[in-house]
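Printed here is structure_10.txt (compact mmCIF, C-alpha atoms):
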# COMPACT_ATOMS: atom_id res chain seq x y z
CA MET A 1 159.21 82.87 65.02
CA ASN A 2 159.50 81.95 68.67
CA ILE A 3 158.01 84.01 71.48
CA LEU A 4 161.34 85.70 72.34
CA SER A 5 161.80 86.96 68.78
CA ARG A 6 158.20 88.12 68.82
CA LEU A 7 158.71 90.06 72.04
CA ALA A 8 161.96 91.55 70.74
CA GLY A 9 160.13 92.62 67.61
CA ILE A 10 157.42 94.25 69.68
CA ALA A 11 160.04 95.98 71.85
CA LEU A 12 161.67 97.42 68.71
CA LEU A 13 158.31 98.58 67.46
CA VAL A 14 157.74 100.33 70.78
CA ALA A 15 161.18 101.98 70.68
CA ALA A 16 161.34 102.90 67.00
CA PRO A 17 158.57 105.50 66.80
CA ALA A 18 160.13 107.27 69.82
CA PHE A 19 162.89 108.34 67.47
CA ALA A 20 160.44 109.63 64.91
CA GLN A 21 159.10 112.57 66.92
CA SER A 22 160.76 115.21 64.70
CA PRO A 23 158.53 117.36 62.45
CA ALA A 24 157.84 116.17 58.91
CA VAL A 25 161.01 116.79 56.91
CA ASP A 26 159.89 114.73 53.96
CA ASP A 27 156.71 115.25 51.99
CA ALA A 28 155.54 111.63 51.81
CA THR A 29 152.32 112.46 53.65
CA PHE A 30 151.75 115.53 51.47
CA GLN A 31 152.11 113.35 48.38
CA GLY A 32 149.90 110.68 49.94
CA LEU A 33 147.15 113.27 50.39
CA GLY A 34 147.39 114.11 46.68
CA GLY A 35 149.50 117.21 46.98
CA LYS A 36 147.79 120.62 46.82
CA PRO A 37 144.98 119.45 44.49
CA GLY A 38 144.28 116.45 46.75
CA ILE A 39 144.20 118.61 49.86
CA LYS A 40 141.87 121.07 48.12
CA LYS A 41 139.52 118.17 47.26
CA ILE A 42 139.61 116.97 50.89
CA VAL A 43 138.75 120.41 52.26
CA ASP A 44 136.02 120.90 49.62
CA VAL A 45 134.40 117.65 50.85
CA LEU A 46 135.06 118.46 54.51
CA ILE A 47 133.32 121.85 54.66
CA PRO A 48 129.80 120.63 53.72
CA LEU A 49 130.24 117.66 56.08
CA VAL A 50 131.02 120.04 58.94
CA LEU A 51 128.12 122.36 58.09
CA ALA A 52 125.78 119.36 58.10
CA ASP A 53 127.18 117.83 61.30
CA PRO A 54 124.63 118.45 64.08
CA ARG A 55 127.36 118.13 66.69
CA ILE A 56 129.40 121.12 65.49
CA LYS A 57 127.63 123.02 62.71
CA ASP A 58 126.43 125.73 65.08
CA SER A 59 130.04 126.61 65.88
CA PHE A 60 130.52 127.67 62.27
CA LYS A 61 127.42 129.88 61.92
CA ASP A 62 129.33 133.16 61.79
CA ILE A 63 132.50 131.86 60.20
CA ASP A 64 133.89 132.96 56.84
CA MET A 65 133.99 129.47 55.33
CA LYS A 66 136.00 130.59 52.28
CA ASN A 67 138.74 131.88 54.53
CA LEU A 68 138.51 128.76 56.71
CA SER A 69 138.91 126.54 53.63
CA MET A 70 141.99 128.45 52.56
CA ARG A 71 143.54 128.24 56.05
CA LEU A 72 142.74 124.51 56.40
CA GLU A 73 144.37 123.79 53.03
CA GLU A 74 147.41 125.82 54.11
CA GLN A 75 147.62 124.01 57.42
CA PHE A 76 147.19 120.48 56.04
CA CYS A 77 149.79 121.28 53.37
CA ALA A 78 152.29 122.59 55.90
CA LEU A 79 151.72 119.82 58.48
CA SER A 80 152.07 117.06 55.88
CA GLY A 81 155.46 118.33 54.72
CA GLY A 82 154.23 120.27 51.71
CA PRO A 83 155.62 123.59 50.38
CA CYS A 84 153.25 125.81 52.34
CA VAL A 85 153.43 128.05 55.35
CA TYR A 86 150.38 128.41 57.57
CA GLY A 87 149.56 132.11 57.70
CA GLY A 88 146.53 132.12 59.98
CA LYS A 89 146.24 132.90 63.67
CA ASP A 90 147.32 130.28 66.16
CA MET A 91 144.88 127.66 67.43
CA VAL A 92 144.63 129.08 70.95
CA GLU A 93 143.75 132.57 69.70
CA ILE A 94 141.18 131.34 67.16
CA HIS A 95 139.32 129.12 69.61
CA ASP A 96 139.63 131.29 72.70
CA GLY A 97 136.28 131.69 74.44
CA LEU A 98 134.46 129.15 72.27
CA ASN A 99 134.32 126.49 75.00
CA ILE A 100 135.14 123.70 72.55
CA THR A 101 134.78 120.20 74.03
CA ASN A 102 136.70 117.02 73.27
CA ALA A 103 133.53 115.68 71.65
CA GLN A 104 133.42 118.65 69.27
CA PHE A 105 137.14 118.39 68.50
CA ASN A 106 136.71 114.68 67.78
CA ALA A 107 133.64 115.35 65.63
CA LEU A 108 135.70 117.56 63.32
CA ALA A 109 138.44 114.91 63.22
CA GLU A 110 135.83 112.31 62.25
CA ASP A 111 134.43 114.56 59.50
CA LEU A 112 137.97 114.97 58.20
CA GLN A 113 138.44 111.19 58.19
CA LEU A 114 135.15 110.81 56.31
CA ALA A 115 136.24 113.44 53.78
CA MET A 116 139.56 111.65 53.26
CA ASP A 117 137.69 108.34 52.88
CA GLN A 118 135.50 109.88 50.16
CA VAL A 119 138.52 111.28 48.33
CA GLY A 120 140.26 107.90 48.57
CA VAL A 121 143.19 108.66 50.87
CA PRO A 122 144.58 105.38 52.30
CA SER A 123 144.00 104.87 56.01
CA ARG A 124 147.70 104.86 56.97
CA VAL A 125 148.18 108.24 55.25
CA GLN A 126 145.04 109.60 56.96
CA ASN A 127 146.48 108.55 60.32
CA LYS A 128 149.71 110.45 59.59
CA LEU A 129 147.78 113.69 59.12
CA VAL A 130 145.58 113.06 62.16
CA ALA A 131 148.78 112.38 64.15
CA LYS A 132 149.90 115.95 63.39
CA LEU A 133 146.51 117.45 64.22
CA ALA A 134 145.72 115.51 67.40
CA PRO A 135 148.05 117.46 69.75
CA MET A 136 146.19 120.66 68.81
CA GLN A 137 143.51 119.47 71.19
CA ARG A 138 145.46 121.10 73.99
CA GLY A 139 145.14 124.56 72.50
CA ILE A 140 141.69 124.17 70.98
CA VAL A 141 139.68 122.39 73.66
CA THR A 142 138.98 124.73 76.51
CA LYS A 143 135.93 123.13 78.07
CA MET B 1 144.41 124.13 79.65
CA HIS B 2 146.04 121.55 81.91
CA ASP B 3 144.07 118.53 82.94
CA THR B 4 144.38 118.32 86.73
CA LEU B 5 143.93 114.82 88.06
CA LEU B 6 142.15 115.93 91.22
CA ARG B 7 139.65 118.12 89.41
CA ARG B 8 138.91 115.50 86.78
CA THR B 9 138.60 112.66 89.27
CA ALA B 10 136.27 114.74 91.42
CA GLY B 11 134.29 115.51 88.29
CA ALA B 12 134.17 111.83 87.39
CA LEU B 13 132.91 110.87 90.82
CA MET B 14 130.26 113.62 90.72
CA LEU B 15 129.21 112.45 87.30
CA ALA B 16 129.03 108.88 88.56
CA ALA B 17 126.87 110.06 91.46
CA ALA B 18 124.61 112.02 89.10
CA VAL B 19 124.25 109.07 86.76
CA THR B 20 123.58 106.51 89.47
CA SER B 21 121.08 108.77 91.23
CA GLY B 22 119.24 109.20 87.94
CA ALA B 23 119.74 112.96 88.03
CA ALA B 24 118.84 114.58 84.69
CA VAL B 25 121.98 116.70 84.43
CA ALA B 26 122.57 117.78 80.83
CA GLN B 27 126.13 116.57 80.56
CA SER B 28 125.32 113.28 82.27
CA SER B 29 123.77 111.99 79.03
CA PRO B 30 126.17 109.90 76.93
CA ASP B 31 127.96 112.04 74.34
CA MET B 32 129.45 109.18 72.24
CA GLY B 33 132.26 111.61 71.61
CA LYS B 34 135.36 109.38 71.62
CA LEU B 35 136.76 108.28 68.28
CA THR B 36 135.77 104.84 66.99
CA ALA B 37 137.72 101.95 68.53
CA THR B 38 139.41 104.13 71.17
CA GLY B 39 137.58 102.37 73.98
CA GLY B 40 139.18 99.06 73.06
CA VAL B 41 137.10 95.90 73.34
CA SER B 42 136.19 93.74 76.37
CA GLN B 43 138.89 91.41 77.65
CA LEU B 44 138.30 88.00 79.23
CA GLU B 45 137.80 89.42 82.73
CA GLY B 46 135.42 92.18 81.64
CA ALA B 47 137.75 95.18 81.58
CA GLY B 48 138.35 97.43 78.60
CA GLY B 49 141.38 96.52 76.53
CA GLY B 50 142.29 93.80 74.09
CA GLY B 51 140.91 90.29 74.13
CA LEU B 52 143.14 88.85 76.82
CA THR B 53 144.54 91.80 78.74
CA PRO B 54 143.30 95.09 80.22
CA TRP B 55 144.65 98.23 78.56
CA ALA B 56 145.05 101.79 79.80
CA LEU B 57 142.17 102.84 77.52
CA LEU B 58 138.79 103.17 79.23
CA THR B 59 135.78 101.37 77.88
CA GLY B 60 132.88 103.25 76.33
CA TYR B 61 132.53 106.27 74.07
CA GLY B 62 131.92 108.96 76.67
CA THR B 63 134.47 111.78 76.66
CA ARG B 64 135.76 113.41 79.84
CA ASP B 65 132.50 115.43 79.98
CA SER B 66 130.28 112.38 79.82
CA TRP B 67 130.08 108.62 80.21
CA GLY B 68 129.46 105.42 78.26
CA ALA B 69 128.52 101.83 78.96
CA ASN B 70 128.29 98.50 77.21
CA VAL B 71 127.52 94.84 77.61
CA HIS B 72 129.57 92.08 76.11
CA TYR B 73 129.57 88.37 75.55
CA THR B 74 132.67 86.31 74.78
CA GLY B 75 132.91 82.64 73.84
CA VAL B 76 136.12 80.64 73.69
CA ARG B 77 136.11 77.06 72.41
CA THR B 78 139.19 74.86 72.63
CA GLN B 79 139.48 71.12 72.05
CA ASP B 80 138.46 70.16 75.58
CA TYR B 81 136.97 73.23 77.23
CA THR B 82 134.63 76.13 76.71
CA LEU B 83 134.72 79.52 78.38
CA ASP B 84 131.76 81.88 78.24
CA VAL B 85 131.95 85.37 79.65
CA ALA B 86 129.17 87.89 79.95
CA GLY B 87 129.59 91.31 81.44
CA VAL B 88 128.69 94.95 81.73
CA ALA B 89 131.06 97.88 81.95
CA ALA B 90 130.93 101.64 82.14
CA GLY B 91 133.44 104.38 81.46
CA ILE B 92 132.93 107.62 83.37
CA ALA B 93 134.45 110.94 82.31
CA ASP B 94 137.15 109.03 80.41
CA ARG B 95 138.75 108.68 83.83
CA VAL B 96 137.12 105.79 85.71
CA GLU B 97 136.02 102.39 84.45
CA VAL B 98 133.90 99.88 86.34
CA SER B 99 133.11 96.40 85.11
CA LEU B 100 131.31 93.29 86.25
CA ALA B 101 131.73 89.96 84.49
CA ARG B 102 130.70 86.36 85.03
CA GLN B 103 132.98 83.66 83.64
CA HIS B 104 131.69 80.15 83.07
CA PHE B 105 134.32 77.51 82.33
CA LYS B 106 133.15 74.06 81.27
CA GLY B 107 134.71 70.81 80.18
CA SER B 108 133.54 69.54 76.82
CA ARG B 109 135.36 66.19 76.68
CA ALA B 110 134.96 63.11 78.89
CA PRO B 111 135.79 62.50 81.68
CA LEU B 112 135.54 66.26 82.41
CA ASP B 113 132.44 66.92 80.32
CA ALA B 114 130.41 67.76 83.42
CA LEU B 115 133.03 70.12 84.81
CA SER B 116 131.58 73.56 85.48
CA ILE B 117 133.34 76.45 87.20
CA LYS B 118 131.94 79.95 87.57
CA GLN B 119 133.65 83.11 88.67
CA ASP B 120 132.49 86.68 89.22
CA ILE B 121 134.88 89.56 88.58
CA LEU B 122 134.40 93.14 89.71
CA GLY B 123 136.80 95.52 87.99
CA LEU B 124 137.87 99.09 88.62
CA LYS B 125 140.28 101.12 86.52
CA VAL B 126 141.45 104.71 86.89
CA ARG B 127 143.39 106.66 84.27
CA LEU B 128 146.35 108.34 85.92
CA VAL B 129 148.06 110.32 83.17
CA GLY B 130 148.27 110.69 79.45
CA ASP B 131 145.84 110.47 76.55
CA ALA B 132 146.60 107.85 73.95
CA VAL B 133 144.81 109.75 71.17
CA TYR B 134 145.91 113.36 71.75
CA ASP B 135 149.49 112.86 72.96
CA GLN B 136 150.88 112.06 69.51
CA ASP B 137 153.74 114.51 70.07
CA LEU B 138 154.77 113.14 73.49
CA PHE B 139 156.65 110.04 74.64
CA LEU B 140 154.18 109.68 77.52
CA PRO B 141 151.76 106.76 77.14
CA GLN B 142 148.28 106.71 78.65
CA ILE B 143 148.73 105.05 82.03
CA SER B 144 145.99 103.51 84.15
CA VAL B 145 145.87 101.49 87.34
CA GLY B 146 143.28 98.84 87.98
CA ALA B 147 142.08 96.11 90.25
CA MET B 148 139.98 93.03 89.66
CA HIS B 149 138.28 91.43 92.63
CA LYS B 150 137.46 87.85 91.77
CA ARG B 151 135.24 85.29 93.48
CA ASN B 152 135.28 81.69 92.39
CA LYS B 153 131.81 80.19 92.86
CA GLY B 154 132.93 76.58 93.24
CA ILE B 155 133.45 73.52 91.09
CA GLY B 156 130.57 71.54 89.67
CA GLY B 157 130.79 68.20 87.90
CA LEU B 158 133.53 66.58 90.01
CA GLY B 159 131.10 65.35 92.66
CA ALA B 160 132.23 61.77 92.12
CA LEU B 161 135.68 62.82 93.36
CA GLY B 162 134.16 64.85 96.17
CA VAL B 163 135.69 68.04 94.77
CA THR B 164 133.48 71.12 95.00
CA ASN B 165 135.94 73.88 95.84
CA VAL B 166 139.18 75.08 94.26
CA THR B 167 140.94 74.72 97.61
CA GLN B 168 140.63 70.97 97.15
CA LEU B 169 142.83 71.27 94.05
CA GLY B 170 145.59 72.99 95.97
CA ALA B 171 144.49 76.62 95.83
CA ARG B 172 144.87 78.62 99.03
CA ASP B 173 141.73 80.68 98.53
CA ASP B 174 138.62 80.83 96.38
CA LYS B 175 138.68 84.61 96.08
CA GLY B 176 141.39 87.13 95.35
CA THR B 177 142.28 90.48 93.85
CA ASP B 178 144.57 91.28 90.93
CA TYR B 179 146.22 94.71 90.74
CA TYR B 180 147.57 96.05 87.48
CA LEU B 181 149.30 98.99 85.85
CA ALA B 182 148.70 99.43 82.12
CA ALA B 183 150.41 101.74 79.62
CA THR B 184 148.95 102.23 76.15
CA LYS B 185 150.65 104.17 73.38
CA LEU B 186 148.96 104.88 70.07
CA TYR B 187 151.41 105.76 67.31
CA LEU B 188 148.95 107.16 64.74
CA ASP B 189 151.87 108.00 62.47
CA ALA B 190 152.51 104.26 62.19
CA SER B 191 148.85 103.18 62.62
CA LEU B 192 150.12 101.16 65.57
CA LEU B 193 148.95 100.62 69.14
CA VAL B 194 151.07 98.98 71.80
CA ASN B 195 150.16 98.14 75.35
CA ALA B 196 152.11 96.76 78.28
CA THR B 197 150.38 95.68 81.48
CA LEU B 198 152.03 94.61 84.71
CA ARG B 199 149.71 92.56 86.88
CA ALA B 200 150.26 91.50 90.49
CA THR B 201 148.23 88.36 90.91
CA LYS B 202 147.74 85.12 92.78
CA ALA B 203 145.08 83.86 90.37
CA ASN B 204 145.40 80.42 88.83
CA GLN B 205 143.98 80.37 85.29
CA MET B 206 142.60 83.86 85.98
CA GLY B 207 141.06 82.52 89.22
CA LEU B 208 139.12 79.66 87.68
CA LEU B 209 141.38 77.34 89.66
CA GLY B 210 141.49 79.59 92.68
CA PHE B 211 144.16 81.82 94.14
CA GLY B 212 147.59 80.92 95.45
CA GLY B 213 148.62 77.33 95.78
CA ASP B 214 150.64 74.52 97.22
CA LYS B 215 153.68 75.40 95.09
CA GLN B 216 153.66 79.13 95.62
CA ASP B 217 151.34 81.49 97.45
CA GLY B 218 152.60 85.07 97.19
CA TYR B 219 151.71 87.79 94.68
CA ARG B 220 153.70 87.50 91.48
CA THR B 221 154.07 90.20 88.82
CA MET B 222 152.99 89.06 85.40
CA VAL B 223 153.79 90.81 82.11
CA GLU B 224 151.10 91.19 79.44
CA VAL B 225 151.77 92.82 76.08
CA SER B 226 149.65 93.66 73.06
CA ALA B 227 150.46 95.14 69.68
CA ALA B 228 147.80 96.12 67.17
CA TYR B 229 147.73 97.61 63.68
CA MET B 230 144.94 99.94 62.53
CA ILE B 231 143.96 98.57 59.13
CA ASP B 232 141.38 101.34 58.90
CA ARG B 233 139.15 103.37 61.24
CA GLN B 234 136.95 100.35 61.86
CA LEU B 235 139.33 97.40 61.68
CA VAL B 236 142.21 96.51 63.97
CA ALA B 237 144.37 93.38 63.98
CA GLY B 238 146.82 92.43 66.69
CA VAL B 239 148.63 89.94 68.87
CA GLU B 240 148.68 89.52 72.64
CA TYR B 241 150.77 87.67 75.14
CA ARG B 242 149.80 87.14 78.77
CA GLN B 243 152.20 85.63 81.26
CA LYS B 244 150.69 83.39 83.94
CA PRO B 245 151.81 82.36 87.44
CA HIS B 246 152.51 78.83 88.53
CA ASN B 247 151.06 78.31 91.98
CA LEU B 248 149.48 74.87 91.74
CA GLY B 249 151.11 71.47 91.71
CA VAL B 250 148.22 70.17 89.59
CA ASP B 251 148.63 72.82 86.84
CA ARG B 252 151.78 73.60 84.84
CA GLU B 253 150.05 76.84 83.90
CA LYS B 254 151.14 78.39 80.59
CA ALA B 255 150.97 81.80 79.01
CA TYR B 256 147.91 82.79 77.04
CA TYR B 257 148.39 84.28 73.63
CA ASP B 258 146.22 85.20 70.72
CA VAL B 259 146.06 86.83 67.34
CA PHE B 260 142.91 88.86 66.86
CA VAL B 261 140.88 90.99 64.49
CA ALA B 262 138.45 93.56 65.91
CA TRP B 263 135.78 95.15 63.77
CA PHE B 264 133.97 98.35 64.77
CA PRO B 265 131.12 98.89 62.29
CA SER B 266 129.72 101.68 64.50
CA LYS B 267 130.13 103.17 67.96
CA HIS B 268 127.36 100.81 69.09
CA VAL B 269 128.88 97.46 68.19
CA SER B 270 132.21 95.75 68.00
CA VAL B 271 133.03 92.15 67.07
CA THR B 272 136.37 90.53 67.92
CA ALA B 273 137.49 87.21 66.50
CA ALA B 274 140.68 85.55 67.62
CA TYR B 275 142.68 82.39 67.57
CA ALA B 276 143.71 81.79 71.16
CA VAL B 277 146.34 79.52 72.64
CA LEU B 278 145.70 78.86 76.34
CA GLY B 279 148.24 76.18 77.16
CA ASP B 280 147.63 72.90 78.90
CA ILE B 281 145.14 73.18 81.75
CA THR B 282 145.99 70.90 84.71
CA ILE B 283 148.20 67.84 84.61
CA PHE B 284 145.10 65.72 84.13
CA ASN B 285 144.95 66.90 80.51
CA PRO B 286 148.31 67.49 78.77
CA ALA B 287 146.75 68.73 75.51
CA ARG B 288 147.76 72.31 74.67
CA GLN B 289 144.43 74.11 74.47
CA ARG B 290 143.89 76.24 71.42
CA GLY B 291 140.85 77.41 69.57
CA ALA B 292 138.45 80.08 68.53
CA TYR B 293 137.54 83.22 70.44
CA LEU B 294 134.56 85.36 69.51
CA SER B 295 133.37 88.43 71.37
CA VAL B 296 130.58 90.92 70.76
CA GLN B 297 130.25 94.22 72.58
CA THR B 298 127.29 96.53 72.29
CA GLY B 299 126.71 99.86 73.94
CA PHE B 300 127.53 103.54 73.64

Transcribe the structure of this file into structure tokens.
Amino acid sequence: MNILSRLAGIALLVAAPAFAQSPAVDDATFQGLGGKPGIKKIVDVLIPLVLADPRIKDSFKDIDMKNLSMRLEEQFCALSGGPCVYGGKDMVEIHDGLNITNAQFNALAEDLQLAMDQVGVPSRVQNKLVAKLAPMQRGIVTK
Amino acid sequence: MHDTLLRRTAGALMLAAAVTSGAAVAQSSPDMGKLTATGGVSQLEGAGGGGLTPWALLTGYGTRDSWGANVHYTGVRTQDYTLDVAGVAAGIADRVEVSLARQHFKGSRAPLDALSIKQDILGLKVRLVGDAVYDQDLFLPQISVGAMHKRNKGIGGLGALGVTNVTQLGARDDKGTDYYLAATKLYLDASLLVNATLRATKANQMGLLGFGGDKQDGYRTMVEVSAAYMIDRQLVAGVEYRQKPHNLGVDREKAYYDVFVAWFPSKHVSVTAAYAVLGDITIFNPARQRGAYLSVQTGF
């Protein structure tokens, strides 16, 4: 392939995802995560990781972890195109006054990636879920 | 909460002052809070980015409340030349990046096997808008501006020809400054990163053969593009293309390109291996230079 074709290919790659900014209308990511049972496994692995993570565990001292697990499963299911509706409070309300930093937000994202690694979710599927979660930084990080 | 440029830049400068004055301010200790690989690697001139070109990402793992720094070494070996680069860089408040690198270019084949050219590069980069990681729902890329001030330290090994300075090869100056604008977009949904950099430069072979020349002496805008695929959290593969000016009669300067793999086993180390094509270097050697590129970065 000559350099012009290569550059055209790159230009298409740059343009193509710009048309894919609509919310998940198919459930490919939901299926990739293993559906509801897969998501439950991910959250079951995630919670102990978070409670053991020195960077953020103190933020969860007074949190009802059972309720958090249920809400996380709901949210991951809904965001990945699954048949769920998130019924919890919105991100801004939940995290208001907690002074969450980018480092803490990223720490939870990393723990989620580790949990998905342990459960065997392929990297490209992991990235699709993280892509939906990343913009929540704006509402969650207040420091 | 909106990220105001003025407030964050002021914060970055205060943090830089605190760090350089050795002040023991709690948040001036490195937080290693950025996600793995999101500081890029070290490019040939010492700035954060890919292997060949600077990206809008800032080097280091410090988030906007902190800072990070690293040292790197890069070796490139083609048929007839070697290029070694060593440098240090810091990212402050995920807003400002400073870098210092020393390039050492040598000939490895007679009659240029004694050729030795060194260049020092001081880099500065400032993030203007956007966040490549968080802005998954926006069209806006992360955009940074940067400058690289370069000083060529002279030519060794051509004493027999009486050549000791790049100006004797046609260059107008032995120092110069590149200015660039970089835009990086990370499409996590596609596990894809793309970067486009526009660079205003007079540098011949990045400055190794001086700045400006007998053919052309003004600033020219060069296009540099990279595309990379995230194989997993710790492994990225990509391609880069870097357009070059043509200022010297003695060098039909060509674009650089490479295909690379970057491995991030931890937030303390990255290793980048590439196959680089650097074009023919001067009319005295028509062989199209290609070969291996290996870079190691260590820091926090």

Return as a Markdown table the residues of chain A lying at most 8 Å from chain B, together with the closest atom-to-atom pair for each and the distance in Å to one decimal, counting only C-alpha atoms, with rows in chain order and ascending residue number.
| residue | atom | partner | partner_atom | distance |
| --- | --- | --- | --- | --- |
| A:Ile10 | CA | B:Ala227 | CA | 7.0 |
| A:Val14 | CA | B:Val194 | CA | 6.9 |
| A:Pro17 | CA | B:Tyr187 | CA | 7.2 |
| A:Ala18 | CA | B:Phe139 | CA | 6.6 |
| A:Gln21 | CA | B:Asp137 | CA | 6.5 |
| A:Thr101 | CA | B:Asp65 | CA | 8.0 |
| A:Asn102 | CA | B:Thr63 | CA | 6.6 |
| A:Ala103 | CA | B:Gly33 | CA | 4.3 |
| A:Gln104 | CA | B:Gly33 | CA | 7.5 |
| A:Asn106 | CA | B:Leu35 | CA | 6.4 |
| A:Ala107 | CA | B:Gly33 | CA | 7.2 |
| A:Glu110 | CA | B:Leu35 | CA | 7.3 |
| A:Ser123 | CA | B:Asp232 | CA | 5.3 |
| A:Arg124 | CA | B:Ser191 | CA | 6.0 |
| A:Asn127 | CA | B:Leu188 | CA | 5.3 |
| A:Lys128 | CA | B:Asp189 | CA | 4.4 |
| A:Leu129 | CA | B:Asp189 | CA | 7.8 |
| A:Val130 | CA | B:Leu188 | CA | 7.3 |
| A:Ala131 | CA | B:Leu188 | CA | 5.3 |
| A:Lys132 | CA | B:Gln136 | CA | 7.3 |
| A:Ala134 | CA | B:Tyr134 | CA | 4.9 |
| A:Pro135 | CA | B:Tyr134 | CA | 5.0 |
| A:Met136 | CA | B:Tyr134 | CA | 7.9 |
| A:Gln137 | CA | B:Tyr134 | CA | 6.6 |
| A:Arg138 | CA | B:Met1 | CA | 6.5 |
| A:Gly139 | CA | B:Met1 | CA | 7.2 |
| A:Val141 | CA | B:Met1 | CA | 7.8 |
| A:Thr142 | CA | B:Met1 | CA | 6.3 |

### Query
Neighbours of Ile281 in chain B within 9 Å (all atoms listed in the file; same-chain residues fewer than 4 positions away dropped), as a list in words?
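Neighbouring residues, sequence-local ones excluded: Gln205, Val250, Asp251, Arg252, Glu253, Lys254, Asn285, Pro286, Ala287, Arg288 and Gln289 of chain B.
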
### Residues within 10 Å of Leu49 in chain A, all atoms listed in the file, excluding chain neighbours under 3 positions, as JSON, numbers by chain
{"A": [43, 44, 45, 46, 52, 53, 54, 57, 108, 110, 111, 112, 114, 115]}

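Comparing B:Ala90, B:Ala69, B:Ala228, B:Ile143 by their smallest distance to Gly50 in chain B, the closest is B:Ala228 (using only C-alpha atoms).
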
### Message
With distances taken over only C-alpha atoms, which residue among A:Ile42, A:Leu72, A:Cys77, A:Ile63 lies nearest Phe30 in chain A?
### Response
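The shortest atom-to-atom distance to Phe30 in chain A comes from A:Cys77.
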
#### Entry: Residue contacts of His95 in chain A (10 Å, all atoms listed in the file) excluding same-chain residues fewer than 3 positions away, as a list in words
Lys89, Asp90, Met91, Val92, Leu98, Asn99, Ile100, Gly139, Ile140, Val141 and Thr142 of chain A

#### Entry: Distance of CA of Asp80 in chain B from CA of Arg109 in chain B, expressed in Å to one decimal place
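Spanning CA of Arg109 in chain B to CA of Asp80 in chain B is a straight-line distance of 5.2 Å.
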
### Message
Give me, as a PyMOL selection string, all polymer residues having an atom no more than 12 Å from Asn67 in chain A, counting only C-alpha atoms and skipping those fewer than 2 positions away in the same chain.
### Response
chain A and resi 43+47+62-65+69-74+87-89

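The space separating CA of Leu128 in chain B from CA of Val98 in chain B comes to 15.1 Å.
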
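Going from CA of Asp113 in chain B over to CA of Gly157 in chain B, you cover 7.9 Å.
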
### Query
Quick one: of B:Ala89, B:Ala171, B:Leu100, B:Val163, who's nearest to Thr59 in chain B, counting all atoms listed in the file?
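Counting all atoms listed in the file, the residue closest to Thr59 in chain B is B:Ala89.
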
### Task
Quick one: everything within 7 Å of Ala200 in chain B, counting all atoms listed in the file, minus sequence neighbours fewer than 6 positions away in the same chain. Send it as a list in words.
Asp178, Tyr179, Tyr180, Tyr219, Arg220, Thr221 and Met222 of chain B

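Minimum atom-to-atom distance to Gly91 in chain B, evaluated using all atoms listed in the file, belongs to B:Thr38 out of B:Thr38, B:Asn204, B:Gln142, B:Gln119.
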
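Of the residues listed (B:Pro30, B:Gly154, B:Gly75, B:Gly51), B:Gly51 shows the shortest atom-to-atom separation from Ala262 in chain B; distances use only C-alpha atoms.
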
### Residue nearest Pro265 in chain B among B:Gly162, B:Thr177, B:Gln234, B:Trp55 (counting all atoms listed in the file)
B:Gln234
